[in-house]
Amino acid sequence: VRAYAREQAADGAEVMDELVGSTLAAVRAGGEPHEVVWPHVDAVLRWCLAEGSGERLADLVAAAFDTWYFAGNLATAHQWAVHAADRSAGAIRSRSLALAARAAIALARPDSAELAEEALASGPEISTRVSALTTLSRLAVAGGRVDQANGYAEQALVAVQDASDGSVRAAALDLAAWTASIGGDAERALELLHLATLAEPLTAAPIRRLLRLQDMTDNLLILGRYGEVVAAAEAALASTRAAGTAGAATLPDALVQYGAAMIAVGRPQDALDPIGEACRLAEDYGRELTVAEALVVLAAALQGTGRPGLALRVWGATDAYHEAHGTLGMGYGNWPAVAVARAAARSELGDTAALDQLRLGAVLGWRAILARLVLGPTTV
């Protein structure tokens, strides 16, 4: 009986090993949470957790992390990254800690710095170091320590000098571009973003390229190069549509960016239809963060077309959406953008004290697109 039981247990473990392998391969191949593979991921993760398979758990968490993150499932991403770190050691543990820190900062958790610092201190892998340095840099900016943020970005650039992985080099360049933009050097930021585009492999996830185009758009706005802003937004939207199913899940983000660009160049009416499409698609794909950002841009478009009262009603809907989906504070600027744009609407209704909130948003580098509505491009 014991021999039979051992045989059955071994067969079951072999089946689960195969399932873990096939699930890992499917997740690494890409896909969105609405696809067939994802309902199985949670079960496989729980099996790895119960069996103490720390390395396999960490590999699957690392593969699934970006999908969770960009879909707005940050609590899930954080929880599983912490589980993976608790059940692994060495470089694998450091990688999991860096992922946990990345989710923690977006969730405004107090342990984000501690997680990132531990990952940086113990992580020999370049990708882990860049990830941890990115989190620490963002925390430094949030605390008003721009020089310290630049220092972290410089460390990341040094770390990737001899890296063969183009994605890791691109991540470090993206970080350096972000800190340059925060520091007011938009020209330098654009140069670094161009280098990141050249470094990024063609196989990289479409969302990476789209986010970079968004950063380019912000810096072009700061420099007042409005013709290029429209061209960049149109290019992002066209390339995303051309990608077909491979880029379908990022199409809502491209539409939001296009709508925001229309507002920035004084064409808010042209933003309304793209933002409506973005809201519908983002809901279909379960992209809560994108829905929230689309609502922000929709309200800004309404404000720009002379309907600040209706814009404030959309802010109310945005607040309700955040509360229902638990997305408040996610996305490194989601809630500040809401605050800045709401202040813009209020100032048009006569609340001049809101200008202070607008100026704060502009100084801290949150979307110039929205702050510009009241303050103007020169001030931003």
# chains A, B, ... in the order shown; residues from 1 in each chain; ligands from 1

call {"tool": "residues_around", "arguments": {"residues": "Ala294 of chain A", "least_positions_apart": "5", "cutoff": "8 Å", "atoms": "only C-alpha atoms", "output": "PyMOL selection string"}}
result
chain A and resi 256+275+278-279

call {"tool": "write_last_selection", "arguments": {"atoms": "C-alpha atoms", "output": "PDB file, in the first residue's frame"}}
result
ATOM      1  CA  VAL A 256      -5.408  57.714 -23.874  1.00  0.00           C
ATOM      2  CA  ILE A 275     -11.051  58.464 -24.975  1.00  0.00           C
ATOM      3  CA  ALA A 278     -10.182  53.729 -24.682  1.00  0.00           C
ATOM      4  CA  CYS A 279     -12.669  53.409 -21.821  1.00  0.00           C
TER       5      CYS A 279
END

call {"tool": "closest_atom_pairs", "arguments": {"of": "segment 207-300 of chain A", "to": "segment 158-175 of chain A", "cutoff": "10 Å", "atoms": "only C-alpha atoms", "output": "CSV"}}
result
residue,atom,partner,partner_atom,distance
A:Arg208,CA,A:Ala171,CA,9.3
A:Leu211,CA,A:Asp174,CA,9.7
A:Arg212,CA,A:Asp174,CA,7.5
A:Asp215,CA,A:Asp174,CA,8.9

call {"tool": "write_last_selection", "arguments": {"atoms": "all heavy atoms", "output": "CSV table (one decimal), in the first residue's frame"}}
result
chain,number,residue,atom,x,y,z
A,208,ARG,N,5.9,48.4,-23.3
A,208,ARG,CA,7.2,49.1,-23.0
A,208,ARG,C,7.5,50.2,-24.0
A,208,ARG,O,7.8,51.3,-23.6
A,208,ARG,CB,8.4,48.1,-23.1
A,208,ARG,CG,8.3,46.9,-22.1
A,208,ARG,CD,8.6,47.4,-20.7
A,208,ARG,NE,8.6,46.3,-19.8
A,208,ARG,CZ,8.7,46.4,-18.5
A,208,ARG,NH1,8.9,47.6,-18.0
A,208,ARG,NH2,8.7,45.4,-17.7
A,211,LEU,N,4.9,53.1,-23.4
A,211,LEU,CA,5.2,53.9,-22.2
A,211,LEU,C,6.4,54.9,-22.6
A,211,LEU,O,6.4,56.0,-22.1
A,211,LEU,CB,5.6,53.1,-21.0
A,211,LEU,CG,4.4,52.3,-20.4
A,211,LEU,CD1,5.0,51.3,-19.4
A,211,LEU,CD2,3.4,53.2,-19.8
A,212,ARG,N,7.3,54.4,-23.4
A,212,ARG,CA,8.4,55.3,-23.8
A,212,ARG,C,8.0,56.4,-24.7
A,212,ARG,O,8.4,57.6,-24.5
A,212,ARG,CB,9.5,54.4,-24.4
A,212,ARG,CG,10.8,55.2,-24.6
A,212,ARG,CD,11.9,54.3,-25.1
A,212,ARG,NE,12.2,53.2,-24.1
A,212,ARG,CZ,12.0,51.9,-24.3
A,212,ARG,NH1,11.6,51.5,-25.5
A,212,ARG,NH2,12.3,51.1,-23.4
A,215,ASP,N,6.5,59.0,-22.5
A,215,ASP,CA,7.5,59.9,-21.9
A,215,ASP,C,8.1,60.9,-22.9
A,215,ASP,O,8.4,62.0,-22.6
A,215,ASP,CB,8.6,59.0,-21.3
A,215,ASP,CG,8.2,58.3,-20.1
A,215,ASP,OD1,7.2,58.7,-19.5
A,215,ASP,OD2,8.9,57.3,-19.7

call {"tool": "atom_distance", "arguments": {"atom1": "atom CA of Val146 of chain A", "atom2": "atom CA of Ile105 of chain A"}}
result
16.9 Å

call {"tool": "closest_residue", "arguments": {"among": "A:Asp273, A:Glu154, A:Glu114, A:Glu125", "to": "Thr179 of chain A", "atoms": "only C-alpha atoms"}}
result
A:Glu154

call {"tool": "residues_around", "arguments": {"residues": "segment 74-85 of chain A", "least_positions_apart": "4", "cutoff": "9 Å", "atoms": "only C-alpha atoms", "output": "PyMOL selection string"}}
result
chain A and resi 45+49+54-59+61-62+64-70+89+92-104+106-107+327+330

call {"tool": "residues_around", "arguments": {"residues": "Leu192 of chain A", "least_positions_apart": "5", "cutoff": "9 Å", "atoms": "only C-alpha atoms", "output": "PDB file with N, CA, C and O atoms, in the first residue's frame"}}
result
ATOM      1  N   LEU A 173      18.260  53.177 -19.209  1.00  0.00           N
ATOM      2  CA  LEU A 173      18.169  54.424 -19.973  1.00  0.00           C
ATOM      3  C   LEU A 173      16.833  55.121 -19.727  1.00  0.00           C
ATOM      4  O   LEU A 173      16.772  56.354 -19.637  1.00  0.00           O
ATOM      5  N   ASP A 174      15.757  54.334 -19.619  1.00  0.00           N
ATOM      6  CA  ASP A 174      14.441  54.903 -19.308  1.00  0.00           C
ATOM      7  C   ASP A 174      14.465  55.617 -17.951  1.00  0.00           C
ATOM      8  O   ASP A 174      13.897  56.696 -17.785  1.00  0.00           O
ATOM      9  N   ALA A 176      17.132  56.882 -16.403  1.00  0.00           N
ATOM     10  CA  ALA A 176      17.941  58.093 -16.517  1.00  0.00           C
ATOM     11  C   ALA A 176      17.176  59.203 -17.231  1.00  0.00           C
ATOM     12  O   ALA A 176      17.280  60.382 -16.869  1.00  0.00           O
ATOM     13  N   ALA A 177      16.382  58.822 -18.243  1.00  0.00           N
ATOM     14  CA  ALA A 177      15.567  59.806 -18.953  1.00  0.00           C
ATOM     15  C   ALA A 177      14.514  60.407 -18.035  1.00  0.00           C
ATOM     16  O   ALA A 177      14.255  61.616 -18.061  1.00  0.00           O
ATOM     17  N   ALA A 180      16.141  62.822 -15.656  1.00  0.00           N
ATOM     18  CA  ALA A 180      16.547  64.031 -16.380  1.00  0.00           C
ATOM     19  C   ALA A 180      15.348  64.942 -16.607  1.00  0.00           C
ATOM     20  O   ALA A 180      15.438  66.167 -16.461  1.00  0.00           O
ATOM     21  N   GLU A 187      15.699  67.969 -23.052  1.00  0.00           N
ATOM     22  CA  GLU A 187      16.507  67.583 -24.219  1.00  0.00           C
ATOM     23  C   GLU A 187      17.303  66.316 -23.923  1.00  0.00           C
ATOM     24  O   GLU A 187      17.366  65.394 -24.736  1.00  0.00           O
ATOM     25  N   THR A 197      15.142  53.251 -27.015  1.00  0.00           N
ATOM     26  CA  THR A 197      14.388  52.652 -28.123  1.00  0.00           C
ATOM     27  C   THR A 197      15.297  51.800 -28.994  1.00  0.00           C
ATOM     28  O   THR A 197      14.919  50.704 -29.445  1.00  0.00           O
TER      29      THR A 197
END
